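Trainee: My file is final_5.cif. It has mmCIF, C-alpha atoms and all ligand atoms:
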data_my_file
loop_
_atom_site.label_atom_id
_atom_site.label_comp_id
_atom_site.auth_asym_id
_atom_site.auth_seq_id
_atom_site.Cartn_x
_atom_site.Cartn_y
_atom_site.Cartn_z
CA MET A 110 30.72 -21.55 13.72
CA SER A 111 32.41 -24.24 11.68
CA ARG A 112 35.89 -25.23 12.68
CA PRO A 113 38.58 -26.66 10.45
CA MET A 114 38.01 -30.43 10.21
CA GLN A 115 41.70 -31.21 10.38
CA SER A 116 42.48 -29.72 13.79
CA ALA A 117 42.60 -31.78 16.96
CA ARG A 118 40.54 -30.78 19.98
CA ILE A 119 42.39 -28.53 22.46
CA VAL A 120 41.00 -28.45 26.01
CA ALA A 121 42.31 -26.66 29.08
CA ALA A 122 43.75 -29.15 31.54
CA SER A 123 41.36 -29.72 34.47
CA ALA A 124 40.35 -32.65 36.65
CA ALA A 125 37.51 -33.41 34.21
CA SER A 126 39.54 -33.12 31.00
CA ILE A 127 42.38 -35.18 32.50
CA ALA A 128 39.84 -37.90 33.38
CA ASP A 129 38.55 -37.78 29.77
CA ALA A 130 42.09 -37.98 28.46
CA ALA A 131 42.84 -40.99 30.67
CA ARG A 132 39.75 -42.76 29.34
CA LEU A 133 40.82 -42.09 25.76
CA LEU A 134 44.31 -43.45 26.50
CA ARG A 135 42.85 -46.62 28.05
CA ASP A 136 40.81 -47.00 24.83
CA GLY A 137 44.04 -46.96 22.83
CA ARG A 138 43.71 -43.39 21.53
CA LEU A 139 46.41 -40.70 21.28
CA VAL A 140 46.44 -37.77 23.70
CA ALA A 141 48.91 -34.87 23.60
CA PHE A 142 49.87 -33.53 27.02
CA PRO A 143 52.20 -30.92 28.50
CA THR A 144 55.45 -31.79 30.27
CA GLU A 145 58.03 -29.39 31.65
CA THR A 146 60.22 -29.99 28.57
CA VAL A 147 57.95 -30.16 25.49
CA TYR A 148 54.46 -31.50 24.73
CA GLY A 149 54.33 -35.28 24.40
CA LEU A 150 52.17 -37.40 22.11
CA GLY A 151 50.99 -40.06 24.55
CA ALA A 152 49.68 -43.60 24.11
CA ASP A 153 49.27 -46.69 26.27
CA ALA A 154 52.83 -48.09 26.23
CA SER A 155 51.56 -51.66 26.66
CA SER A 156 49.39 -51.59 23.52
CA ASP A 157 50.95 -52.39 20.13
CA ASP A 158 48.08 -50.72 18.30
CA ALA A 159 48.24 -47.53 20.37
CA VAL A 160 52.01 -47.26 20.02
CA GLU A 161 51.77 -47.98 16.30
CA ALA A 162 49.38 -45.02 16.03
CA ILE A 163 52.09 -42.74 17.46
CA TYR A 164 54.56 -43.72 14.73
CA ARG A 165 51.86 -43.23 12.10
CA ALA A 166 50.76 -39.81 13.39
CA LYS A 167 54.36 -38.53 13.52
CA GLY A 168 55.65 -40.23 10.36
CA ARG A 169 58.39 -41.52 12.64
CA PRO A 170 60.74 -44.33 11.51
CA ALA A 171 59.93 -47.54 13.40
CA GLU A 172 63.59 -47.98 14.45
CA ASN A 173 63.47 -44.80 16.58
CA PRO A 174 62.33 -45.92 20.06
CA LEU A 175 60.03 -43.88 22.32
CA ILE A 176 60.38 -42.65 25.90
CA VAL A 177 58.10 -44.46 28.36
CA HIS A 178 56.71 -42.04 30.96
CA VAL A 179 55.81 -43.24 34.45
CA GLY A 180 54.59 -41.57 37.63
CA THR A 181 56.83 -43.23 40.22
CA LEU A 182 60.26 -44.81 40.58
CA ALA A 183 58.58 -48.09 41.61
CA GLU A 184 56.75 -48.20 38.26
CA ALA A 185 60.02 -47.47 36.45
CA GLU A 186 61.76 -50.28 38.33
CA ALA A 187 58.98 -52.69 37.31
CA ILE A 188 59.90 -51.98 33.67
CA GLY A 189 63.68 -51.56 33.69
CA THR A 190 66.67 -52.79 35.69
CA PHE A 191 68.13 -50.02 37.81
CA ASP A 192 71.70 -50.39 39.05
CA ASN A 193 73.08 -48.11 41.77
CA GLU A 194 73.95 -45.36 39.31
CA ALA A 195 70.55 -45.42 37.62
CA ARG A 196 68.85 -45.25 41.00
CA ALA A 197 71.10 -42.39 42.11
CA LEU A 198 70.24 -40.37 38.99
CA ALA A 199 66.53 -41.14 39.32
CA LYS A 200 66.59 -39.99 42.95
CA ALA A 201 68.55 -36.84 42.12
CA PHE A 202 66.58 -35.69 39.08
CA TRP A 203 63.09 -37.29 38.98
CA PRO A 204 60.57 -35.92 38.45
CA GLY A 205 62.58 -34.00 35.87
CA ALA A 206 64.10 -33.51 32.44
CA LEU A 207 66.27 -36.63 32.51
CA THR A 208 65.54 -39.83 30.57
CA LEU A 209 67.33 -43.01 31.65
CA VAL A 210 67.96 -45.82 29.16
CA VAL A 211 68.24 -49.08 31.10
CA ARG A 212 67.86 -52.79 30.37
CA LYS A 213 64.25 -53.80 29.90
CA LYS A 214 62.94 -56.49 32.24
CA ASN A 215 61.54 -59.61 30.58
CA THR A 216 58.44 -59.23 32.71
CA ALA A 217 57.79 -55.64 31.59
CA ARG A 218 54.50 -55.23 29.78
CA ILE A 219 55.73 -52.69 27.26
CA SER A 220 55.01 -52.94 23.52
CA SER A 221 58.16 -53.96 21.64
CA LEU A 222 57.25 -51.25 19.13
CA ALA A 223 57.83 -48.62 21.84
CA THR A 224 61.38 -49.88 22.36
CA ALA A 225 61.97 -50.58 18.65
CA ASN A 226 62.69 -54.21 19.62
CA LEU A 227 65.75 -53.21 21.67
CA ASP A 228 66.48 -54.95 24.96
CA THR A 229 66.67 -51.50 26.58
CA VAL A 230 63.94 -49.02 27.50
CA ALA A 231 63.98 -45.22 27.94
CA LEU A 232 62.15 -44.09 31.11
CA ARG A 233 61.26 -40.71 32.57
CA ILE A 234 59.06 -39.18 35.30
CA PRO A 235 58.03 -35.76 33.96
CA ASP A 236 57.96 -32.77 36.32
CA HIS A 237 54.57 -31.36 35.37
CA PRO A 238 51.36 -31.53 37.43
CA VAL A 239 49.18 -32.25 34.37
CA ALA A 240 51.45 -35.04 33.12
CA LEU A 241 51.64 -36.59 36.59
CA ALA A 242 47.88 -36.39 37.09
CA LEU A 243 47.32 -37.97 33.66
CA LEU A 244 49.74 -40.84 34.41
CA LYS A 245 47.94 -41.47 37.67
CA ALA A 246 44.47 -41.37 36.09
CA ALA A 247 45.48 -43.57 33.14
CA ALA A 248 47.14 -45.96 35.61
CA ARG A 249 49.61 -47.24 33.06
CA PRO A 250 52.94 -46.20 31.53
CA LEU A 251 52.60 -43.82 28.59
CA ALA A 252 54.87 -43.91 25.56
CA ALA A 253 55.31 -40.29 24.46
CA PRO A 254 57.65 -38.76 21.94
CA SER A 255 57.54 -35.03 21.34
CA ALA A 256 54.17 -34.18 19.74
CA ASN A 257 55.46 -32.98 16.36
CA PRO A 258 55.81 -34.51 12.90
CA SER A 259 59.10 -36.44 12.78
CA GLY A 260 62.10 -34.22 12.09
CA ARG A 261 60.32 -30.92 12.77
CA VAL A 262 60.53 -28.46 15.65
CA SER A 263 59.15 -29.80 18.95
CA PRO A 264 55.99 -28.17 20.40
CA THR A 265 56.10 -26.03 23.53
CA THR A 266 52.42 -24.96 23.39
CA ALA A 267 49.13 -26.74 22.68
CA ALA A 268 48.71 -24.61 19.54
CA HIS A 269 52.06 -25.88 18.22
CA VAL A 270 50.77 -29.45 18.63
CA ALA A 271 47.51 -28.67 16.80
CA SER A 272 49.34 -27.01 13.90
CA GLY A 273 51.63 -30.01 13.36
CA LEU A 274 49.50 -33.06 14.03
CA GLY A 275 46.10 -33.75 12.54
CA PRO A 276 42.91 -35.47 13.68
CA SER A 277 44.77 -38.66 14.65
CA VAL A 278 45.23 -36.98 18.04
CA ALA A 279 42.01 -37.49 20.00
CA LEU A 280 42.68 -34.69 22.47
CA ILE A 281 45.29 -32.04 23.29
CA LEU A 282 45.50 -31.11 26.97
CA ASP A 283 46.51 -27.46 27.24
CA GLY A 284 48.76 -26.75 30.21
CA GLY A 285 50.26 -23.53 28.91
CA PRO A 286 53.80 -23.06 27.61
CA CYS A 287 56.47 -25.55 28.70
CA ARG A 288 58.81 -24.25 31.42
CA VAL A 289 62.07 -25.88 30.23
CA GLY A 290 61.28 -25.74 26.51
CA ILE A 291 63.86 -28.25 25.30
CA GLU A 292 63.72 -32.06 25.47
CA SER A 293 65.05 -34.18 28.32
CA THR A 294 68.69 -35.22 28.59
CA VAL A 295 69.06 -38.90 27.62
CA VAL A 296 71.60 -40.97 29.58
CA ALA A 297 72.21 -44.68 28.94
CA LEU A 298 73.03 -46.90 31.93
CA ASP A 299 72.64 -50.25 30.19
CA GLU A 300 76.35 -51.07 29.93
CA ASP A 301 79.47 -50.55 32.05
CA GLU A 302 79.86 -46.91 31.23
CA ALA A 303 77.19 -44.21 31.70
CA ARG A 304 76.75 -42.47 28.32
CA LEU A 305 75.22 -39.14 27.34
CA LEU A 306 73.01 -39.89 24.31
CA ARG A 307 71.29 -36.51 24.03
CA PRO A 308 71.99 -33.21 25.84
CA GLY A 309 68.82 -31.65 27.25
CA GLY A 310 67.09 -29.97 30.15
CA VAL A 311 69.43 -31.32 32.85
CA SER A 312 73.04 -30.25 32.28
CA LYS A 313 75.88 -32.73 31.80
CA ALA A 314 77.76 -31.09 34.68
CA ASP A 315 74.83 -31.62 37.09
CA ILE A 316 74.58 -35.30 36.09
CA GLU A 317 78.33 -35.81 36.49
CA ARG A 318 78.19 -34.18 39.91
CA ALA A 319 75.44 -36.61 40.98
CA LEU A 320 77.37 -39.60 39.57
CA GLY A 321 80.72 -38.49 40.95
CA HIS A 322 82.43 -39.13 37.61
CA ALA A 323 82.42 -38.08 33.96
CA LEU A 324 79.84 -39.26 31.41
CA ALA A 325 81.06 -40.90 28.23
CA VAL A 326 79.93 -39.03 25.11
CA PRO A 327 79.61 -41.42 22.15
CA LYS A 328 80.55 -40.04 18.75
CA THR A 329 77.48 -39.09 16.70
CA ALA A 330 79.30 -40.48 13.65
CA ALA A 331 78.97 -44.03 15.03
CA ALA A 332 77.97 -46.46 12.29
CA ARG A 333 74.64 -47.18 13.94
CA PRO A 334 73.24 -44.31 16.00
CA GLN A 335 72.88 -45.38 19.63
CA SER A 336 70.07 -42.90 19.99
CA PRO A 337 68.20 -41.69 16.95
CA GLY A 338 68.01 -38.26 18.62
CA GLN A 339 71.62 -38.22 17.51
CA MET A 340 70.60 -38.29 13.85
CA ALA A 341 72.06 -35.24 12.21
CA SER A 342 68.99 -33.59 10.71
CA HIS A 343 66.31 -33.03 13.32
CA TYR A 344 64.38 -30.30 15.09
CA ALA A 345 64.33 -28.45 11.77
CA PRO A 346 62.37 -25.32 10.84
CA ARG A 347 61.64 -24.74 7.13
CA ALA A 348 64.05 -21.81 6.92
CA ARG A 349 67.79 -22.47 6.68
CA LEU A 350 69.85 -21.69 9.75
CA ARG A 351 73.14 -19.77 9.55
CA LEU A 352 74.95 -20.33 12.86
CA HIS A 353 77.62 -18.20 14.60
CA ALA A 354 76.49 -15.19 12.59
CA THR A 355 78.18 -11.83 13.19
CA GLY A 356 75.84 -9.87 10.90
CA ALA A 357 72.54 -10.33 9.09
CA ALA A 358 71.36 -9.52 5.56
CA GLY A 359 68.24 -7.43 5.01
CA ASP A 360 66.18 -10.42 3.91
CA GLU A 361 67.19 -12.65 6.83
CA GLY A 362 65.59 -13.27 10.21
CA ALA A 363 67.83 -12.87 13.26
CA LEU A 364 67.92 -15.00 16.40
CA ASN A 365 69.66 -12.92 19.07
CA PHE A 366 70.76 -13.60 22.64
CA GLY A 367 71.41 -11.05 25.37
CA ALA A 368 73.61 -8.22 24.17
CA ALA A 369 74.54 -10.15 21.00
CA ARG A 370 72.14 -8.57 18.49
CA LEU A 371 72.43 -8.77 14.71
CA GLU A 372 71.76 -5.45 13.01
CA GLY A 373 69.89 -5.03 9.73
CA ALA A 374 67.77 -8.21 9.71
CA ARG A 375 64.20 -8.09 8.34
CA THR A 376 62.87 -9.38 11.63
CA ALA A 377 64.56 -10.32 14.90
CA ILE A 378 63.79 -12.24 18.08
CA ASN A 379 65.92 -12.12 21.21
CA LEU A 380 65.90 -15.51 23.00
CA SER A 381 66.66 -13.73 26.28
CA ALA A 382 67.29 -10.00 26.42
CA ARG A 383 68.87 -10.45 29.86
CA GLY A 384 71.17 -13.20 28.58
CA ASP A 385 69.66 -16.04 30.62
CA LEU A 386 70.22 -19.48 29.03
CA GLY A 387 67.22 -21.07 30.79
CA GLU A 388 64.95 -18.38 29.39
CA ALA A 389 66.56 -18.83 25.96
CA ALA A 390 65.85 -22.58 26.02
CA ALA A 391 62.23 -21.96 26.98
CA ASN A 392 61.85 -19.53 24.04
CA LEU A 393 63.90 -21.40 21.41
CA TYR A 394 61.28 -23.49 19.60
CA ALA A 395 58.57 -20.81 19.59
CA ALA A 396 61.15 -18.35 18.21
CA LEU A 397 62.15 -20.71 15.39
CA ARG A 398 58.47 -21.17 14.51
CA ALA A 399 57.78 -17.42 14.59
CA LEU A 400 60.76 -16.67 12.33
CA ASP A 401 59.63 -19.46 9.99
CA ASP A 402 56.13 -17.99 9.90
CA SER A 403 57.54 -14.56 9.04
CA GLY A 404 58.53 -16.08 5.70
CA VAL A 405 62.31 -15.53 5.82
CA ALA A 406 64.36 -18.11 3.90
CA THR A 407 67.33 -17.87 6.27
CA ILE A 408 67.66 -17.36 10.01
CA ALA A 409 70.99 -15.92 11.20
CA VAL A 410 71.82 -17.07 14.73
CA VAL A 411 74.30 -15.38 17.09
CA PRO A 412 76.76 -17.61 18.97
CA ILE A 413 75.12 -19.04 22.13
CA PRO A 414 77.31 -19.82 25.18
CA ASP A 415 77.84 -23.58 25.46
CA GLU A 416 77.48 -23.78 29.28
CA GLY A 417 74.69 -25.61 31.13
CA ILE A 418 71.52 -25.84 29.07
CA GLY A 419 73.33 -23.81 26.39
CA ALA A 420 74.88 -27.13 25.25
CA ALA A 421 71.38 -28.49 24.53
CA ILE A 422 70.41 -25.26 22.72
CA ASN A 423 73.52 -25.53 20.54
CA ASP A 424 72.88 -29.23 19.89
CA ARG A 425 69.36 -28.48 18.61
CA LEU A 426 70.56 -25.50 16.54
CA ARG A 427 73.30 -27.62 14.91
CA ARG A 428 70.78 -30.33 14.01
CA ALA A 429 68.27 -27.77 12.76
CA ALA A 430 70.98 -26.33 10.50
CA VAL A 431 71.64 -29.67 8.72
CA ARG A 432 69.86 -30.14 5.39
O1 LIG A 501 61.58 -34.23 26.95
C1 LIG A 501 61.39 -35.28 26.32
O2 LIG A 501 62.19 -36.22 26.36
C2 LIG A 501 60.10 -35.38 25.49
C3 LIG A 501 58.92 -35.34 26.44
C4 LIG A 501 57.61 -35.54 25.73
O3 LIG A 501 59.10 -36.29 27.47
N1 LIG A 501 60.10 -36.55 24.69
C5 LIG A 501 60.95 -36.72 23.64
O4 LIG A 501 60.77 -37.91 22.97
O5 LIG A 501 61.78 -35.90 23.30
P1 LIG A 501 61.41 -38.23 21.55
O6 LIG A 501 60.80 -39.51 21.12
O7 LIG A 501 61.24 -37.08 20.63
O8 LIG A 501 62.91 -38.53 21.89
C6 LIG A 501 63.26 -39.75 22.53
C7 LIG A 501 64.75 -39.94 22.49
C8 LIG A 501 65.20 -40.23 21.09
O9 LIG A 501 66.45 -39.61 20.88
C9 LIG A 501 65.32 -41.75 21.13
O10 LIG A 501 66.19 -42.23 20.18
C10 LIG A 501 65.84 -41.98 22.53
O11 LIG A 501 65.10 -41.06 23.31
N2 LIG A 501 65.58 -43.35 22.98
C11 LIG A 501 64.40 -43.91 23.32
N3 LIG A 501 64.55 -45.21 23.65
C12 LIG A 501 65.86 -45.49 23.55
C13 LIG A 501 66.66 -46.66 23.76
N4 LIG A 501 66.12 -47.81 24.16
N5 LIG A 501 67.98 -46.57 23.54
C14 LIG A 501 68.54 -45.40 23.14
N6 LIG A 501 67.85 -44.26 22.92
C15 LIG A 501 66.53 -44.30 23.12
MG MG A 502 61.30 -35.45 19.22
#
Represent the structure of the file as structure tokens.
Ligand code: TXA
Ligand code: MG

Mentor:
Amino acid sequence: MSRPMQSARIVAASAASIADAARLLRDGRLVAFPTETVYGLGADASSDDAVEAIYRAKGRPAENPLIVHVGTLAEAEAIGTFDNEARALAKAFWPGALTLVVRKKNTARISSLATANLDTVALRIPDHPVALALLKAAARPLAAPSANPSGRVSPTTAAHVASGLGPSVALILDGGPCRVGIESTVVALDEDEARLLRPGGVSKADIERALGHALAVPKTAAARPQSPGQMASHYAPRARLRLHATGAAGDEGALNFGAARLEGARTAINLSARGDLGEAAANLYAALRALDDSGVATIAVVPIPDEGIGAAINDRLRRAAVR
């Protein structure tokens, strides 16, 4: 049987395929891999050429820095400077859906393309057995943004990765659907004040509890975005989004939550019939893709509670609604 030339190779994650993937990464190739948040598009973070290939494959602007994934806190501390607060957050939430932006050490062997020439670096230990095994086998830090074309919806399955990115990806490791389903929370600890740059899989309240004080939340309207994840239009499906909807037209798609269900839509998906925000986050990106694929021009979205991971869901919906 002939297969489409443009699709990347998907293989089930196993000891053998992870070893293959690690070899490809050491050769400077791109490998997509599962994390608990979304699939990442990985490359050797120390190689300019490999990191450059990430930007090319995604069509990502060079001024938007990447997250560097590591397997241990010791590896993270070899790359960035951890003060007491950074170490406390790493100990509380790693492995997990929290990315820490800290000052980059001069001795760190990280491509300046990965950090977009900043003197800071974003670090995370992912909480996924395949990602951790891959980091160990590759034996180097991996730069990995979400494995989607820049500005589009992030992938939560291997098939999502294959549909968005072409043959520039040498291999896609399939580890099933992502458990959290929404990107990591990004916190900056490079200045006096801990700042929330992007809401995500770990809630602001949980981080503040671990810190013992409130996080500063910089205004997204800042002249120069402190984190390009703050750029207004992002995570966008092709259809338009109509937020806080209380009804739907017959030609619209509906995105429902719990008991909040829009009547009369052409097609509808409930993010969590039992009204669970964690389940809703895990289903969000696949639901946006499915409604897009149904061909509707507009997706009406019910109000989603802003508590816990609901804040990250609402952040992504707001950005997806910007055109
Ligand atoms: O869950 C996740 O974080 C996923 C998985 C694959 O780990 N990755 C991800 O990467 O979402 P990406 O590239 O799509 O988002 C990285 C975010 C962006 O908002 C970027 O601007 C920010 O991290 N970032 C990276 N380095 C930074 C730095 N030095 N200073 C400020 N923000 C930074
Ligand atoms: Mg992304």

Trainee: Can I get the residues of range 374-418 of chain A within 12 Å of range 248-266 of chain A, each with the closest pair of atoms and their distance in Å to one decimal, using only C-alpha atoms, sorted chain first then ascending number, as JSON lines?

Mentor:
{"residue": "A:Ala390", "atom": "CA", "partner": "A:Thr265", "partner_atom": "CA", "distance": 10.6}
{"residue": "A:Ala391", "atom": "CA", "partner": "A:Thr265", "partner_atom": "CA", "distance": 8.1}
{"residue": "A:Asn392", "atom": "CA", "partner": "A:Thr265", "partner_atom": "CA", "distance": 8.7}
{"residue": "A:Leu393", "atom": "CA", "partner": "A:Thr265", "partner_atom": "CA", "distance": 9.3}
{"residue": "A:Tyr394", "atom": "CA", "partner": "A:Val262", "partner_atom": "CA", "distance": 6.4}
{"residue": "A:Ala395", "atom": "CA", "partner": "A:Thr265", "partner_atom": "CA", "distance": 7.0}
{"residue": "A:Ala396", "atom": "CA", "partner": "A:Val262", "partner_atom": "CA", "distance": 10.4}
{"residue": "A:Leu397", "atom": "CA", "partner": "A:Val262", "partner_atom": "CA", "distance": 7.9}
{"residue": "A:Arg398", "atom": "CA", "partner": "A:Val262", "partner_atom": "CA", "distance": 7.7}
{"residue": "A:Ala399", "atom": "CA", "partner": "A:Val262", "partner_atom": "CA", "distance": 11.4}
{"residue": "A:Asp401", "atom": "CA", "partner": "A:Val262", "partner_atom": "CA", "distance": 10.7}

Trainee: Output C-alpha atoms for every residue in that selection, as a PDB file, in the frame of the given file.

Mentor:
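In the end it all went to out02.pdb:
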ATOM      1  CA  ALA A 390      65.850 -22.580  26.020  1.00  0.00           C
ATOM      2  CA  ALA A 391      62.230 -21.960  26.980  1.00  0.00           C
ATOM      3  CA  ASN A 392      61.850 -19.530  24.040  1.00  0.00           C
ATOM      4  CA  LEU A 393      63.900 -21.400  21.410  1.00  0.00           C
ATOM      5  CA  TYR A 394      61.280 -23.490  19.600  1.00  0.00           C
ATOM      6  CA  ALA A 395      58.570 -20.810  19.590  1.00  0.00           C
ATOM      7  CA  ALA A 396      61.150 -18.350  18.210  1.00  0.00           C
ATOM      8  CA  LEU A 397      62.150 -20.710  15.390  1.00  0.00           C
ATOM      9  CA  ARG A 398      58.470 -21.170  14.510  1.00  0.00           C
ATOM     10  CA  ALA A 399      57.780 -17.420  14.590  1.00  0.00           C
ATOM     11  CA  ASP A 401      59.630 -19.460   9.990  1.00  0.00           C
TER      12      ASP A 401
END

Trainee: Could you please determine the separation between CA of Leu350 in chain A and CA of Glu172 in chain A in Å, to one decimal place?

Mentor: 27.4 Å

Trainee: Please build the interface table for chain A against ligand LIG 501 (chain A) with a cut-off of 8 Å, listing for each qualifying residue the nearest atom pair and the distance in Å to one decimal; count only C-alpha atoms and all ligand atoms, order rows by chain and increasing number, and write it as CSV.

Mentor:
residue,atom,partner,partner_atom,distance
A:Pro143,CA,A:LIG501,C4,7.6
A:Thr144,CA,A:LIG501,C3,6.3
A:Glu145,CA,A:LIG501,O1,7.6
A:Thr146,CA,A:LIG501,O1,4.7
A:Val147,CA,A:LIG501,C3,5.4
A:Tyr148,CA,A:LIG501,C4,5.2
A:Gly149,CA,A:LIG501,C4,3.5
A:Leu150,CA,A:LIG501,C4,6.8
A:Asn173,CA,A:LIG501,O10,5.2
A:Pro174,CA,A:LIG501,N3,4.3
A:Leu175,CA,A:LIG501,C11,4.5
A:Ile176,CA,A:LIG501,C11,4.9
A:His178,CA,A:LIG501,O3,7.1
A:Ala206,CA,A:LIG501,O1,6.1
A:Leu207,CA,A:LIG501,O2,7.4
A:Thr208,CA,A:LIG501,O2,6.5
A:Val210,CA,A:LIG501,C13,5.6
A:Val211,CA,A:LIG501,N4,7.4
A:Ala223,CA,A:LIG501,N3,7.8
A:Thr224,CA,A:LIG501,N4,5.5
A:Ala225,CA,A:LIG501,N4,7.4
A:Leu227,CA,A:LIG501,N4,6.0
A:Asp228,CA,A:LIG501,N4,7.2
A:Thr229,CA,A:LIG501,N4,4.4
A:Val230,CA,A:LIG501,N4,4.2
A:Ala231,CA,A:LIG501,N3,4.3
A:Leu232,CA,A:LIG501,N3,7.9
A:Arg233,CA,A:LIG501,O3,7.1
A:Pro235,CA,A:LIG501,O3,6.6
A:Ala253,CA,A:LIG501,C4,5.4
A:Pro254,CA,A:LIG501,O6,3.3
A:Ser255,CA,A:LIG501,O7,4.3
A:Ala256,CA,A:LIG501,C4,7.0
A:Ser263,CA,A:LIG501,O7,7.8
A:Ile291,CA,A:LIG501,O1,6.6
A:Glu292,CA,A:LIG501,O1,3.4
A:Ser293,CA,A:LIG501,O1,3.7
A:Thr294,CA,A:LIG501,O2,6.9
A:Val295,CA,A:LIG501,O11,6.2
A:Ala297,CA,A:LIG501,C14,6.9
A:Leu306,CA,A:LIG501,N6,6.9
A:Arg307,CA,A:LIG501,O9,6.6
A:Gly309,CA,A:LIG501,O1,7.7
A:Gly310,CA,A:LIG501,O1,7.7
A:Gln335,CA,A:LIG501,C14,5.6
A:Ser336,CA,A:LIG501,N6,3.9
A:Pro337,CA,A:LIG501,O10,3.8
A:Gly338,CA,A:LIG501,O9,3.1
A:Gln339,CA,A:LIG501,O9,6.3

Trainee: Counting all atoms listed in the file, which of A:Leu222, A:Val239, A:Ala358, A:Ile408 gets nearest to Gly284 in chain A?

Mentor: A:Val239

Trainee: Using CA of Leu305 in chain A and CA of Thr181 in chain A as the two end points, give the distance in Å to one decimal.

Mentor: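 Taking CA of Leu305 in chain A and CA of Thr181 in chain A, their separation equals 22.8 Å.
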
Trainee: Range 138-141 of chain A: which residues within 7 Å, counting only C-alpha atoms, same-chain residues fewer than 5 positions away excluded, as a ChimeraX atom specification?

Mentor: /A:130,133,148-152,159,256,278-282

Trainee: Neighbours of Ala325 in chain A within 12 Å (all atoms listed in the file; same-chain residues fewer than 6 positions away dropped), as a PDB file with C-alpha atoms, in the coordinates of the input?

Mentor:
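Result file out.pdb:
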ATOM      1  CA  VAL A 296      71.600 -40.970  29.580  1.00  0.00           C
ATOM      2  CA  ALA A 297      72.210 -44.680  28.940  1.00  0.00           C
ATOM      3  CA  LEU A 298      73.030 -46.900  31.930  1.00  0.00           C
ATOM      4  CA  GLU A 300      76.350 -51.070  29.930  1.00  0.00           C
ATOM      5  CA  ASP A 301      79.470 -50.550  32.050  1.00  0.00           C
ATOM      6  CA  GLU A 302      79.860 -46.910  31.230  1.00  0.00           C
ATOM      7  CA  ALA A 303      77.190 -44.210  31.700  1.00  0.00           C
ATOM      8  CA  ARG A 304      76.750 -42.470  28.320  1.00  0.00           C
ATOM      9  CA  LEU A 305      75.220 -39.140  27.340  1.00  0.00           C
ATOM     10  CA  LEU A 306      73.010 -39.890  24.310  1.00  0.00           C
ATOM     11  CA  ARG A 307      71.290 -36.510  24.030  1.00  0.00           C
ATOM     12  CA  LYS A 313      75.880 -32.730  31.800  1.00  0.00           C
ATOM     13  CA  ILE A 316      74.580 -35.300  36.090  1.00  0.00           C
ATOM     14  CA  GLU A 317      78.330 -35.810  36.490  1.00  0.00           C
TER      15      GLU A 317
END

Trainee: Take CA of Val431 in chain A and CA of Asp385 in chain A and report the distance between them in Å, one decimal.

Mentor: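 Separation of CA of Val431 in chain A and CA of Asp385 in chain A: 25.9 Å.
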
Trainee: Which is closest to Ser126 in chain A among A:Glu361, A:Glu194, A:Glu372, A:Asp283, if we use only C-alpha atoms?

Mentor: A:Asp283

Trainee: Closest to ligand MG 502 (chain A) among A:Gly417, A:Ala345, A:Ala247, A:Arg135, using all atoms listed in the file?

Mentor: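 The closest residue to ligand MG 502 (chain A) is A:Ala345.
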
Trainee: With distances taken over only C-alpha atoms and all ligand atoms, which residue among A:Ala268, A:Arg425, A:Gly189, A:Leu371 lies nearest ligand MG 502 (chain A)?

Mentor: A:Arg425

Trainee: Pick out the closest residue to Pro238 in chain A from this set: A:Pro276, A:Pro346, A:Gly180, A:Gly373. Count all atoms listed in the file.

Mentor: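 Under the stated criterion, the closest residue is A:Gly180.
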
Trainee: Just the residues within 12 Å of Ala369 in chain A, please, counting all atoms listed in the file, with nothing from its chain fewer than 3 positions along; format it as a VMD selection string.

Mentor: chain A and resid 353 to 356 363 to 366 372 377 to 384 409 to 414

Trainee: Between A:Leu241, A:Ile163, A:Ala195, A:Val311, which is the closest to ligand MG 502 (chain A) once you count all atoms listed in the file?

Mentor: A:Ile163
